[in-house]
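Asker: Please read through the structure below; I'll follow up with questions.
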Amino acid sequence: MATNIRRPNGTKDVVPEQMYKWETVEEKMKAAAKRFGFKEIRVPTFEDTGLFVRSVGDTTDVVQKEMYSVTASSNDNYTLRPEGTAGVVRAILENGLLNGAMPLKLFYILSCFRHEKPQAGRLREFNQFGCEMAGSPAPEADAEIISLAKYVLDSLGLKNISLHINSIGCKTCRAKYHEKLKEYFEQYRMDLCSTCQERLDKNPMRILDCKSPEDQAIAANAPLITDFLCDDCKTHFEQLQQLLKIIGIDFVVDPKIVRGLDYYTRTVFEFISEDIGSQGTVCGGGRYDGLIQSLGGQPTPALGFGMGLERLILTMENQGCGFMTPETCDVYIAPLGENAVKKAAELAGFLRNGQYSAEYDLMHRSLKSQMKYADKIGASLVMIIGDNELEKGKAELRNMKTGEQTEVSLDESCLSTVDTVLTGEWLSQAMARGGDIL
RNA sequence: GUGGAUAUAGCGUAGUUGGUUAACGCGUCAGUUUGUGGCACUGAAGACCGUGGGUUCGAAUCCCACUAUCCACCCCA
């Protein structure tokens, strides 16, 4: 260990050799969101603590025990965002974005912070890709958001991800359901596990999700939310299901889906992977028709989802999904001697201006060492400049894959030679794959 | 917050009846004559054996505490 300062519990470094995975995922998500007409937004890492208390809900675990709150002076109380939606909705209102074209469609990639005990697929700082849509109460909007999420997962190459949907109703029908549920479980109170006995008082819907076999048996006959939805909520949910069938997205209605953030209404959904351990929810979201109003805006229906980047990458690794190949070096310039180094610096400039990546020796190493280095960084071409070459005004240009060597001139015209050699290299690779060039 | 397991170089590991300079593989760097990578061979650098105490003449090895990591609960992405 080179240092005695270590990263905080539950945080991760992404080292350069892993970075290409992140680039793959982020690029594909952005492209997908843009295809659906979503625009990127960036918001602060910390917000007024009250924002999260009011939106996520003061009885939720997230707010009660997982927030990183900071105070820099006596008057302020800020919290590192535990999720993305609250800050984005705040930004929507503060910037008057609801006055633009409707529906408003936004996406973001940001880090979130929750003080939980870390485990597989769960970190204290984690990264989220999220999409939010505001303005439409229609079930088509729900279907669109879900199909965007699905589109992202598909474009990453993920398999075996199941979509679970549910409707938790609006304020009125949910309240009615809670009552019925309490009534039902109350008669089995003594048979429930200890945590579920607590849940019975706080949030009876969570009992449905309990993993204890005894409780599951009891829960099997519990009343279902779907039987208590008001007419509007019921119709909305049915229409969503029809739409999903029409656009060909498989789903299961899962009355056990209960989201832990208070702002959800009606549609909630999760995409779940079986391939990454117990924290399998790779994407979660739903409708939050009351949130914008409760944060001071005009009553505006809205919905969205969040995806955990770490979980997505974990799943992709476990499923052997492909990532974009890491970028390598187009040309490595191997100079021998002081004058050659100067020439190398100049040539590197030409190449870079010509849109090629170029490196040259910065350590005054032997040619052999330089060749090894070039091999290690995956250089396609190596340009060798020694005394002989300086005299002739030509360098040796070695193709590292084929071993062929040609001559290049030591001036700006080297660009066109590099150009043809690399183009030839791409062509032969394409031929080898048997694919078309265009 | 609760429970279980683990903690030896950048990575992966060996090393318990406690005993001299802590071993091996990968990786890194250098060399194997003259200016050319991948293979092979040689050599070098790199570890306060998680941290802090204790037992002992002597601790990577035994004891205690702490911390971190992994897995699970809880909850969520």
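A note on labels: chains of the structure tokens are A, B, ... as shown, every chain counts residues from 1, and ligands are counted from 1 in their shown order.
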Distance limit 10 Å, atoms considered: only C-alpha atoms (C1' of nucleotides). Which chain B residues sit that close to chain A? Return them as an mmCIF file with N, CA, C and O atoms (P, O5', C5', C4', C3', O3' and C1' of nucleotides), in the first residue's frame.
Answerer:
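Output saved as selection-v5.cif:
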data_model
loop_
_atom_site.group_PDB
_atom_site.id
_atom_site.type_symbol
_atom_site.label_atom_id
_atom_site.label_comp_id
_atom_site.auth_asym_id
_atom_site.auth_seq_id
_atom_site.Cartn_x
_atom_site.Cartn_y
_atom_site.Cartn_z
ATOM 1 P P G B 1 -23.423 1.985 12.124
ATOM 2 O "O5'" G B 1 -24.593 0.975 12.525
ATOM 3 C "C5'" G B 1 -25.456 1.294 13.591
ATOM 4 C "C4'" G B 1 -26.599 0.341 13.584
ATOM 5 C "C3'" G B 1 -26.220 -1.130 13.477
ATOM 6 O "O3'" G B 1 -25.827 -1.661 14.727
ATOM 7 C "C1'" G B 1 -27.992 -0.667 11.973
ATOM 8 P P A B 9 0.088 -7.439 0.126
ATOM 9 O "O5'" A B 9 1.284 -6.502 -0.404
ATOM 10 C "C5'" A B 9 1.094 -5.753 -1.585
ATOM 11 C "C4'" A B 9 2.452 -5.445 -2.187
ATOM 12 C "C3'" A B 9 2.405 -5.268 -3.702
ATOM 13 O "O3'" A B 9 2.648 -3.897 -4.045
ATOM 14 C "C1'" A B 9 4.264 -6.555 -3.008
ATOM 15 P P G B 10 1.696 -2.765 -3.683
ATOM 16 O "O5'" G B 10 1.093 -2.560 -5.149
ATOM 17 C "C5'" G B 10 -0.011 -1.703 -5.351
ATOM 18 C "C4'" G B 10 -0.674 -2.112 -6.633
ATOM 19 C "C3'" G B 10 -1.299 -3.496 -6.588
ATOM 20 O "O3'" G B 10 -2.627 -3.446 -6.107
ATOM 21 C "C1'" G B 10 0.101 -3.326 -8.488
ATOM 22 P P C B 29 7.559 -1.432 -18.260
ATOM 23 O "O5'" C B 29 9.032 -1.311 -17.659
ATOM 24 C "C5'" C B 29 9.421 -0.128 -16.975
ATOM 25 C "C4'" C B 29 10.772 -0.336 -16.327
ATOM 26 C "C3'" C B 29 11.851 -0.889 -17.243
ATOM 27 O "O3'" C B 29 12.412 0.099 -18.076
ATOM 28 C "C1'" C B 29 11.886 -2.062 -15.203
ATOM 29 P P A B 30 12.951 -0.316 -19.516
ATOM 30 O "O5'" A B 30 14.310 -1.082 -19.173
ATOM 31 C "C5'" A B 30 15.395 -0.380 -18.578
ATOM 32 C "C4'" A B 30 16.461 -1.350 -18.132
ATOM 33 C "C3'" A B 30 17.024 -2.260 -19.224
ATOM 34 O "O3'" A B 30 17.990 -1.611 -20.016
ATOM 35 C "C1'" A B 30 16.559 -3.528 -17.289
ATOM 36 P P G B 35 23.372 0.022 -32.238
ATOM 37 O "O5'" G B 35 22.217 -0.678 -31.431
ATOM 38 C "C5'" G B 35 21.395 -1.621 -31.973
ATOM 39 C "C4'" G B 35 20.092 -0.969 -32.436
ATOM 40 C "C3'" G B 35 19.375 -1.792 -33.484
ATOM 41 O "O3'" G B 35 18.296 -2.428 -32.852
ATOM 42 C "C1'" G B 35 19.365 0.533 -34.019
ATOM 43 P P U B 36 18.136 -3.970 -32.895
ATOM 44 O "O5'" U B 36 16.572 -4.167 -32.839
ATOM 45 C "C5'" U B 36 15.828 -3.566 -31.756
ATOM 46 C "C4'" U B 36 14.367 -3.626 -32.147
ATOM 47 C "C3'" U B 36 13.966 -4.958 -32.755
ATOM 48 O "O3'" U B 36 12.819 -5.386 -32.057
ATOM 49 C "C1'" U B 36 13.374 -3.145 -34.197
ATOM 50 P P G B 37 12.838 -6.692 -31.222
ATOM 51 O "O5'" G B 37 11.423 -6.534 -30.519
ATOM 52 C "C5'" G B 37 11.293 -5.686 -29.383
ATOM 53 C "C4'" G B 37 9.858 -5.635 -28.964
ATOM 54 C "C3'" G B 37 9.184 -6.998 -28.907
ATOM 55 O "O3'" G B 37 9.417 -7.579 -27.650
ATOM 56 C "C1'" G B 37 7.813 -5.477 -30.077
ATOM 57 P P G B 38 9.523 -9.158 -27.492
ATOM 58 O "O5'" G B 38 8.015 -9.627 -27.481
ATOM 59 C "C5'" G B 38 7.077 -9.179 -26.491
ATOM 60 C "C4'" G B 38 5.735 -9.753 -26.883
ATOM 61 C "C3'" G B 38 5.758 -11.260 -26.944
ATOM 62 O "O3'" G B 38 4.676 -11.816 -26.207
ATOM 63 C "C1'" G B 38 5.096 -10.325 -29.034
ATOM 64 P P A B 47 8.271 -1.694 -0.677
ATOM 65 O "O5'" A B 47 7.354 -2.942 -0.400
ATOM 66 C "C5'" A B 47 5.942 -2.848 -0.617
ATOM 67 C "C4'" A B 47 5.242 -3.643 0.445
ATOM 68 C "C3'" A B 47 5.854 -3.457 1.844
ATOM 69 O "O3'" A B 47 5.410 -2.273 2.472
ATOM 70 C "C1'" A B 47 5.485 -5.777 1.359
ATOM 71 P P G B 50 -1.666 -8.307 7.478
ATOM 72 O "O5'" G B 50 -2.447 -6.940 7.220
ATOM 73 C "C5'" G B 50 -2.022 -6.042 6.193
ATOM 74 C "C4'" G B 50 -2.813 -4.774 6.365
ATOM 75 C "C3'" G B 50 -2.570 -4.059 7.688
ATOM 76 O "O3'" G B 50 -1.464 -3.184 7.614
ATOM 77 C "C1'" G B 50 -4.903 -4.301 7.316
ATOM 78 P P A B 68 -14.511 1.264 8.431
ATOM 79 O "O5'" A B 68 -13.837 0.443 7.248
ATOM 80 C "C5'" A B 68 -12.947 1.087 6.340
ATOM 81 C "C4'" A B 68 -12.265 0.045 5.489
ATOM 82 C "C3'" A B 68 -13.198 -0.841 4.679
ATOM 83 O "O3'" A B 68 -13.590 -0.225 3.479
ATOM 84 C "C1'" A B 68 -11.607 -2.180 5.784
ATOM 85 P P U B 69 -14.923 -0.712 2.750
ATOM 86 O "O5'" U B 69 -14.538 -2.142 2.189
ATOM 87 C "C5'" U B 69 -13.610 -2.274 1.131
ATOM 88 C "C4'" U B 69 -13.364 -3.732 0.863
ATOM 89 C "C3'" U B 69 -14.596 -4.548 0.525
ATOM 90 O "O3'" U B 69 -14.955 -4.423 -0.833
ATOM 91 C "C1'" U B 69 -13.317 -5.700 2.130
ATOM 92 P P C B 70 -16.489 -4.539 -1.246
ATOM 93 O "O5'" C B 70 -16.766 -6.110 -1.121
ATOM 94 C "C5'" C B 70 -16.126 -7.025 -1.997
ATOM 95 C "C4'" C B 70 -16.438 -8.431 -1.556
ATOM 96 C "C3'" C B 70 -17.918 -8.758 -1.421
ATOM 97 O "O3'" C B 70 -18.501 -9.090 -2.668
ATOM 98 C "C1'" C B 70 -16.760 -9.535 0.477
ATOM 99 P P C B 71 -20.032 -8.811 -2.920
ATOM 100 O "O5'" C B 71 -20.755 -9.867 -1.965
ATOM 101 C "C5'" C B 71 -20.782 -11.246 -2.293
ATOM 102 C "C4'" C B 71 -21.432 -12.025 -1.182
ATOM 103 C "C3'" C B 71 -22.837 -11.594 -0.787
ATOM 104 O "O3'" C B 71 -23.820 -12.065 -1.675
ATOM 105 C "C1'" C B 71 -21.558 -11.960 1.152
ATOM 106 P P A B 72 -25.135 -11.189 -1.887
ATOM 107 O "O5'" A B 72 -25.922 -11.375 -0.517
ATOM 108 C "C5'" A B 72 -26.549 -12.613 -0.226
ATOM 109 C "C4'" A B 72 -27.019 -12.655 1.200
ATOM 110 C "C3'" A B 72 -28.056 -11.618 1.627
ATOM 111 O "O3'" A B 72 -29.364 -11.919 1.159
ATOM 112 C "C1'" A B 72 -26.432 -11.832 3.300
ATOM 113 P P C B 74 -34.694 -8.592 3.805
ATOM 114 O "O5'" C B 74 -34.510 -7.148 4.441
ATOM 115 C "C5'" C B 74 -35.121 -6.802 5.672
ATOM 116 C "C4'" C B 74 -34.653 -5.449 6.100
ATOM 117 C "C3'" C B 74 -34.945 -4.322 5.116
ATOM 118 O "O3'" C B 74 -36.263 -3.826 5.254
ATOM 119 C "C1'" C B 74 -32.697 -4.194 5.804
ATOM 120 P P C B 75 -37.212 -3.743 4.010
ATOM 121 O "O5'" C B 75 -36.520 -2.645 3.087
ATOM 122 C "C5'" C B 75 -36.601 -1.267 3.452
ATOM 123 C "C4'" C B 75 -35.490 -0.504 2.798
ATOM 124 C "C3'" C B 75 -35.619 -0.301 1.292
ATOM 125 O "O3'" C B 75 -36.497 0.773 1.005
ATOM 126 C "C1'" C B 75 -33.423 -0.961 1.819
ATOM 127 P P C B 76 -37.147 0.939 -0.410
ATOM 128 O "O5'" C B 76 -35.865 1.052 -1.347
ATOM 129 C "C5'" C B 76 -35.613 2.234 -2.103
ATOM 130 C "C4'" C B 76 -34.218 2.207 -2.633
ATOM 131 C "C3'" C B 76 -34.098 1.988 -4.131
ATOM 132 O "O3'" C B 76 -34.205 3.212 -4.821
ATOM 133 C "C1'" C B 76 -32.613 0.531 -3.002
ATOM 134 P P A B 77 -34.667 3.235 -6.394
ATOM 135 O "O5'" A B 77 -33.302 2.967 -7.145
ATOM 136 C "C5'" A B 77 -33.135 3.484 -8.435
ATOM 137 C "C4'" A B 77 -32.066 2.670 -9.122
ATOM 138 C "C3'" A B 77 -32.250 1.195 -8.864
ATOM 139 O "O3'" A B 77 -32.904 0.601 -9.956
ATOM 140 C "C1'" A B 77 -30.009 1.889 -8.354
#
Asker: What are the DSSP alpha helix (DSSP H) residues of region 186-353 of chain A, as a VMD selection string?
Answerer: chain A and resid 186 194 to 202 213 to 219 231 to 246 291 to 294 309 to 319 338 to 353
Asker: Write the residues of the preceding selection, restricted to C-alpha atoms, as a PDB file, in the first residue's frame.
Answerer:
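Once written, result11.pdb looks like this:
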ATOM      1  CA  GLU A 186     -53.587  -7.822  11.808  1.00  0.00           C
ATOM      2  CA  SER A 194     -40.518  -9.493  13.851  1.00  0.00           C
ATOM      3  CA  THR A 195     -39.620  -7.045  11.097  1.00  0.00           C
ATOM      4  CA  CYS A 196     -42.966  -7.574   9.452  1.00  0.00           C
ATOM      5  CA  GLN A 197     -44.723  -6.865  12.703  1.00  0.00           C
ATOM      6  CA  GLU A 198     -43.077  -3.468  12.578  1.00  0.00           C
ATOM      7  CA  ARG A 199     -43.977  -3.069   8.947  1.00  0.00           C
ATOM      8  CA  LEU A 200     -47.558  -3.736   9.803  1.00  0.00           C
ATOM      9  CA  ASP A 201     -47.614  -0.413  11.610  1.00  0.00           C
ATOM     10  CA  LYS A 202     -45.378   1.597   9.316  1.00  0.00           C
ATOM     11  CA  PRO A 213     -41.637 -18.432   3.752  1.00  0.00           C
ATOM     12  CA  GLU A 214     -44.164 -18.175   6.585  1.00  0.00           C
ATOM     13  CA  ASP A 215     -44.892 -14.564   5.789  1.00  0.00           C
ATOM     14  CA  GLN A 216     -45.078 -15.308   2.107  1.00  0.00           C
ATOM     15  CA  ALA A 217     -47.703 -17.932   2.808  1.00  0.00           C
ATOM     16  CA  ILE A 218     -49.715 -15.420   4.756  1.00  0.00           C
ATOM     17  CA  ALA A 219     -49.200 -12.744   2.123  1.00  0.00           C
ATOM     18  CA  ASP A 231     -61.562   3.700 -11.799  1.00  0.00           C
ATOM     19  CA  ASP A 232     -59.114   6.224 -13.198  1.00  0.00           C
ATOM     20  CA  CYS A 233     -56.078   4.423 -11.836  1.00  0.00           C
ATOM     21  CA  LYS A 234     -57.422   1.107 -12.997  1.00  0.00           C
ATOM     22  CA  THR A 235     -58.045   2.307 -16.528  1.00  0.00           C
ATOM     23  CA  HIS A 236     -54.644   3.927 -16.654  1.00  0.00           C
ATOM     24  CA  PHE A 237     -52.961   0.702 -15.612  1.00  0.00           C
ATOM     25  CA  GLU A 238     -54.953  -1.405 -18.062  1.00  0.00           C
ATOM     26  CA  GLN A 239     -54.183   0.913 -20.916  1.00  0.00           C
ATOM     27  CA  LEU A 240     -50.505   0.829 -20.085  1.00  0.00           C
ATOM     28  CA  GLN A 241     -50.546  -2.958 -20.216  1.00  0.00           C
ATOM     29  CA  GLN A 242     -52.283  -2.915 -23.581  1.00  0.00           C
ATOM     30  CA  LEU A 243     -49.717  -0.479 -24.934  1.00  0.00           C
ATOM     31  CA  LEU A 244     -46.820  -2.569 -23.705  1.00  0.00           C
ATOM     32  CA  LYS A 245     -48.277  -5.590 -25.457  1.00  0.00           C
ATOM     33  CA  ILE A 246     -48.715  -3.644 -28.669  1.00  0.00           C
ATOM     34  CA  LEU A 291     -44.244  15.783  -6.797  1.00  0.00           C
ATOM     35  CA  ILE A 292     -44.013  18.900  -8.913  1.00  0.00           C
ATOM     36  CA  GLN A 293     -46.912  20.493  -7.156  1.00  0.00           C
ATOM     37  CA  SER A 294     -45.633  19.556  -3.728  1.00  0.00           C
ATOM     38  CA  LEU A 309     -24.452   2.211 -13.734  1.00  0.00           C
ATOM     39  CA  GLU A 310     -22.444  -0.040 -11.442  1.00  0.00           C
ATOM     40  CA  ARG A 311     -25.158  -2.676 -11.513  1.00  0.00           C
ATOM     41  CA  LEU A 312     -25.480  -2.436 -15.262  1.00  0.00           C
ATOM     42  CA  ILE A 313     -21.759  -2.886 -15.752  1.00  0.00           C
ATOM     43  CA  LEU A 314     -21.732  -5.764 -13.259  1.00  0.00           C
ATOM     44  CA  THR A 315     -24.489  -7.473 -15.181  1.00  0.00           C
ATOM     45  CA  MET A 316     -22.789  -6.856 -18.496  1.00  0.00           C
ATOM     46  CA  GLU A 317     -19.562  -8.361 -17.177  1.00  0.00           C
ATOM     47  CA  ASN A 318     -21.344 -11.390 -15.785  1.00  0.00           C
ATOM     48  CA  GLN A 319     -23.192 -11.902 -19.060  1.00  0.00           C
ATOM     49  CA  GLU A 338      18.590  14.269 -29.015  1.00  0.00           C
ATOM     50  CA  ASN A 339      18.006  15.584 -32.515  1.00  0.00           C
ATOM     51  CA  ALA A 340      15.638  12.765 -33.304  1.00  0.00           C
ATOM     52  CA  VAL A 341      13.598  13.517 -30.176  1.00  0.00           C
ATOM     53  CA  LYS A 342      13.086  17.076 -31.369  1.00  0.00           C
ATOM     54  CA  LYS A 343      11.993  15.787 -34.729  1.00  0.00           C
ATOM     55  CA  ALA A 344       9.642  13.346 -33.002  1.00  0.00           C
ATOM     56  CA  ALA A 345       7.999  16.126 -31.052  1.00  0.00           C
ATOM     57  CA  GLU A 346       7.404  18.019 -34.269  1.00  0.00           C
ATOM     58  CA  LEU A 347       6.005  15.011 -36.115  1.00  0.00           C
ATOM     59  CA  ALA A 348       3.719  14.134 -33.221  1.00  0.00           C
ATOM     60  CA  GLY A 349       2.226  17.587 -33.629  1.00  0.00           C
ATOM     61  CA  PHE A 350       1.562  17.024 -37.323  1.00  0.00           C
ATOM     62  CA  LEU A 351      -0.084  13.698 -36.667  1.00  0.00           C
ATOM     63  CA  ARG A 352      -2.283  15.010 -33.868  1.00  0.00           C
ATOM     64  CA  ASN A 353      -3.411  17.910 -36.009  1.00  0.00           C
TER      65      ASN A 353
END
Asker: With a distance cut-off of 9 Å and only C-alpha atoms (C1' of nucleotides), select the neighbouring residues of Tyr68 (chain A), excluding the residue or stretch itself and same-chain residues fewer than 5 positions from it, and output the selection as a VMD selection string.
Answerer: chain A and resid 78 to 82 113 to 115
Asker: Please measure the separation of CA of Leu427 (chain A) and CA of Phe323 (chain A), giving the value in Å to one decimal.
Answerer: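 Atom-to-atom, CA of Leu427 (chain A) to CA of Phe323 (chain A), that is 21.9 Å.
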Asker: Give me the residues near region 148-158 of chain A as a list in words, where near means some atom within 7 Å (using only C-alpha atoms (C1' of nucleotides)) and where sequence neighbours in that chain fewer than 4 positions away do not count.
Answerer: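 Final neighbour list, sorted by chain and number: Val25, Lys28, Met29, Ala32, Glu144, Met316 and Cys321 of chain A.
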Asker: Just C-alpha atoms for this one: save the residues we selected as a CSV table (one decimal), in the first residue's frame.
Answerer:
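Writing the result to again03.csv gives the following:
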chain,number,residue,atom,x,y,z
A,25,VAL,CA,-22.4,2.4,-21.2
A,28,LYS,CA,-25.1,4.2,-25.5
A,29,MET,CA,-27.4,5.6,-22.8
A,32,ALA,CA,-30.7,6.2,-26.6
A,144,GLU,CA,-42.7,5.5,-23.7
A,316,MET,CA,-22.8,-6.9,-18.5
A,321,CYS,CA,-21.6,-8.4,-23.0
Asker: Report, in Å to a single decimal, how far apart CA of Ala302 (chain A) and CA of Gly57 (chain A) are.
Answerer: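 These atoms are spaced 17.1 Å apart.
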Asker: In Å, with one decimal, what is the gap from CA of Lys171 (chain A) to CA of Ile146 (chain A)?
Answerer: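 Straight-line distance from CA of Lys171 (chain A) to CA of Ile146 (chain A) works out to 22.6 Å.
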Asker: Write out as a PyMOL selection string all residues of region 108-223 of chain A that DSSP puts in strand (DSSP E) for this structure's backbone.
Answerer: chain A and resi 108-113+125-134+161-167
Asker: Hey, which of B:U51, B:U42, B:U33, B:U21 ends up closest to U67 (chain B)? Count only C-alpha atoms (C1' of nucleotides).
Answerer: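 Residue with the minimum atom-to-atom distance to U67 (chain B): B:U51.
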Asker: What's around Leu422 (chain A) at 12 Å? Count only C-alpha atoms (C1' of nucleotides), leave out sequence neighbours fewer than 2 positions away in its own chain, and write the answer as number ranges by chain.
Answerer: A: 329-331, 356, 379-382, 397-402, 415-420, 424-429
Asker: For the residues selected in the previous step, produce a file with N, CA, C and O atoms as a tab-separated table (two decimals), in the first residue's frame.
Answerer:
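The resulting again32.tsv:
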chain	number	residue	atom	x	y	z
A	329	CYS	N	-3.10	3.65	-29.52
A	329	CYS	CA	-2.29	4.69	-30.13
A	329	CYS	C	-2.14	4.41	-31.63
A	329	CYS	O	-1.82	3.30	-32.01
A	330	ASP	N	-2.39	5.42	-32.47
A	330	ASP	CA	-2.21	5.22	-33.90
A	330	ASP	C	-0.74	5.12	-34.27
A	330	ASP	O	-0.33	4.18	-34.94
A	331	VAL	N	0.02	6.09	-33.82
A	331	VAL	CA	1.44	6.11	-34.18
A	331	VAL	C	2.30	6.37	-32.96
A	331	VAL	O	2.08	7.34	-32.23
A	356	TYR	N	-4.81	12.03	-35.69
A	356	TYR	CA	-4.30	10.73	-35.23
A	356	TYR	C	-3.78	10.87	-33.81
A	356	TYR	O	-3.30	11.93	-33.42
A	379	ALA	N	0.10	0.28	-30.05
A	379	ALA	CA	0.30	1.18	-31.19
A	379	ALA	C	0.13	0.43	-32.50
A	379	ALA	O	0.60	-0.69	-32.65
A	380	SER	N	-0.55	1.06	-33.45
A	380	SER	CA	-0.72	0.43	-34.77
A	380	SER	C	0.55	0.57	-35.59
A	380	SER	O	0.95	-0.36	-36.27
A	381	LEU	N	1.14	1.74	-35.52
A	381	LEU	CA	2.35	2.01	-36.30
A	381	LEU	C	3.46	2.54	-35.39
A	381	LEU	O	3.18	3.21	-34.41
A	382	VAL	N	4.69	2.22	-35.76
A	382	VAL	CA	5.82	2.83	-35.06
A	382	VAL	C	6.70	3.51	-36.09
A	382	VAL	O	7.01	2.94	-37.15
A	397	LEU	N	8.71	3.31	-41.09
A	397	LEU	CA	7.36	3.21	-40.54
A	397	LEU	C	6.99	1.74	-40.46
A	397	LEU	O	6.85	1.06	-41.48
A	398	ARG	N	6.86	1.25	-39.24
A	398	ARG	CA	6.63	-0.18	-39.05
A	398	ARG	C	5.17	-0.44	-38.70
A	398	ARG	O	4.62	0.16	-37.78
A	399	ASN	N	4.57	-1.32	-39.44
A	399	ASN	CA	3.21	-1.77	-39.14
A	399	ASN	C	3.32	-2.88	-38.09
A	399	ASN	O	3.86	-3.95	-38.34
A	400	MET	N	2.80	-2.62	-36.91
A	400	MET	CA	3.02	-3.54	-35.79
A	400	MET	C	2.25	-4.84	-35.92
A	400	MET	O	2.54	-5.82	-35.23
A	401	LYS	N	1.26	-4.86	-36.75
A	401	LYS	CA	0.51	-6.10	-36.91
A	401	LYS	C	1.17	-7.01	-37.92
A	401	LYS	O	1.32	-8.22	-37.68
A	402	THR	N	1.56	-6.43	-39.05
A	402	THR	CA	2.11	-7.26	-40.13
A	402	THR	C	3.63	-7.32	-40.08
A	402	THR	O	4.24	-8.22	-40.65
A	415	LEU	N	1.89	12.55	-42.90
A	415	LEU	CA	0.46	12.33	-42.64
A	415	LEU	C	-0.20	11.46	-43.69
A	415	LEU	O	-0.95	10.53	-43.37
A	416	SER	N	0.08	11.76	-44.96
A	416	SER	CA	-0.62	11.03	-46.02
A	416	SER	C	-0.15	9.58	-46.06
A	416	SER	O	-0.94	8.68	-46.33
A	417	THR	N	1.13	9.34	-45.75
A	417	THR	CA	1.62	7.96	-45.71
A	417	THR	C	0.93	7.19	-44.59
A	417	THR	O	0.43	6.09	-44.78
A	418	VAL	N	0.91	7.80	-43.41
A	418	VAL	CA	0.24	7.18	-42.27
A	418	VAL	C	-1.21	6.89	-42.62
A	418	VAL	O	-1.76	5.83	-42.32
A	419	ASP	N	-1.80	7.88	-43.28
A	419	ASP	CA	-3.18	7.76	-43.71
A	419	ASP	C	-3.41	6.51	-44.55
A	419	ASP	O	-4.31	5.71	-44.27
A	420	THR	N	-2.60	6.33	-45.57
A	420	THR	CA	-2.83	5.19	-46.47
A	420	THR	C	-2.54	3.87	-45.76
A	420	THR	O	-3.27	2.90	-45.92
A	424	GLY	N	-5.36	1.10	-45.14
A	424	GLY	CA	-5.16	-0.26	-45.62
A	424	GLY	C	-5.36	-1.27	-44.52
A	424	GLY	O	-5.96	-2.33	-44.70
A	425	GLU	N	-4.90	-0.91	-43.32
A	425	GLU	CA	-5.03	-1.78	-42.17
A	425	GLU	C	-6.51	-2.00	-41.84
A	425	GLU	O	-6.95	-3.11	-41.61
A	426	TRP	N	-7.29	-0.91	-41.86
A	426	TRP	CA	-8.71	-1.03	-41.55
A	426	TRP	C	-9.42	-1.89	-42.60
A	426	TRP	O	-10.25	-2.71	-42.27
A	427	LEU	N	-9.03	-1.63	-43.86
A	427	LEU	CA	-9.65	-2.39	-44.94
A	427	LEU	C	-9.41	-3.89	-44.76
A	427	LEU	O	-10.33	-4.69	-44.83
A	428	SER	N	-8.15	-4.25	-44.49
A	428	SER	CA	-7.86	-5.67	-44.38
A	428	SER	C	-8.56	-6.28	-43.17
A	428	SER	O	-8.97	-7.43	-43.19
A	429	GLN	N	-8.71	-5.48	-42.11
A	429	GLN	CA	-9.46	-5.99	-40.95
A	429	GLN	C	-10.92	-6.24	-41.31
A	429	GLN	O	-11.50	-7.25	-40.94
